[in-house]
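Okay, structure first, notes after.
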Amino acid sequence: MCTIEVKMDDAVMNRIKPHFAADRDMMSWMENVLKKAMIEYAEEVESKEMKKQETRKLIERLEALKNDPDGFFKMGGILGKPKEPFSWDEIREKALFEKYGI
């Protein structure tokens with residue numbers, strides 16, 4: 001575990017100190033709050049980076065298909081031909097059952 005030094009405004013510390021029984025309780029609370037904030041920040045940054053990578057990969061795939069008349073059909077799924085076996089009726093029936101129980 002690492003130790004860091006954090007500077008806080010005296011006015012803020014004077015406001016919060018009375019709400020804790022001891023300094024160690026306040027420090028424990030501060031550590032927990034800071035840890036949570038750091039985890040959330042790391043997840044946000046990592047998520048943005050992952051989205052950038054996924055976007056870059058998709059653009060590369062689209063660029064590779066640029067001069068191919070059947071390019072979008074090779075993408076598969078929503079952008080192209082449905083995968084076999086495929087039935088619109090089956091999908092429609094499943095949606096009706098899930099939504100209405102029919």
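Identifiers in the structure tokens: chain A, B, ... in order shown; residue index from 1 per chain; ligand index from 1 in order shown.
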Could you pull out the helix (DSSP H, G or I) residues of chain A, going by DSSP on the backbone, and write them as an MDAnalysis selection string? chainID A and resid 10:19 23:64 71:75 77:79 88:100
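Residues with any atom within 12 Å of range 27-40 of chain A, counting only C-alpha atoms and excluding same-chain neighbours fewer than 2 positions away, are Met1, Cys2, Thr3, Ile4, Glu5, Val6, Met8, Met13, Ile16, Lys17, His19, Phe20, Ala21, Ala22, Asp23, Arg24, Asp25, Ala42, Glu43, Glu44, Val45, Glu46 and Ser47 of chain A.
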For the selection you just gave me, I'd like the residues written to a file as a CSV table (one decimal), in the first residue's frame, keeping C-alpha atoms.
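Writing the result to out_39.csv gives the following:
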chain,number,residue,atom,x,y,z
A,1,MET,CA,0.0,0.0,0.0
A,2,CYS,CA,1.3,3.4,-0.8
A,3,THR,CA,1.2,6.6,1.2
A,4,ILE,CA,0.3,10.0,-0.3
A,5,GLU,CA,0.3,13.5,1.0
A,6,VAL,CA,-2.9,15.6,0.4
A,8,MET,CA,-6.7,20.4,2.3
A,13,MET,CA,-11.1,20.5,7.6
A,16,ILE,CA,-15.7,18.2,8.8
A,17,LYS,CA,-13.5,17.3,11.9
A,19,HIS,CA,-18.4,15.0,12.6
A,20,PHE,CA,-15.8,12.3,13.5
A,21,ALA,CA,-15.0,10.8,16.9
A,22,ALA,CA,-11.3,10.6,16.2
A,23,ASP,CA,-8.8,11.7,13.6
A,24,ARG,CA,-8.2,8.1,12.6
A,25,ASP,CA,-12.0,7.8,11.8
A,42,ALA,CA,-9.8,4.9,-13.7
A,43,GLU,CA,-12.9,3.0,-15.0
A,44,GLU,CA,-14.1,6.1,-16.8
A,45,VAL,CA,-10.7,6.7,-18.5
A,46,GLU,CA,-10.3,3.0,-19.4
A,47,SER,CA,-13.8,2.9,-20.8
Atomic distance CA of Arg61 in chain A - CA of Glu49 in chain A, expressed in Å with one decimal: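 Computing it gives 18.5 Å between the two atoms.
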As an exercise, work out the distance from CA of Glu54 in chain A to CA of Phe86 in chain A in Å and give it to one decimal place.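 Value for the CA of Glu54 in chain A-CA of Phe86 in chain A distance: 26.8 Å.
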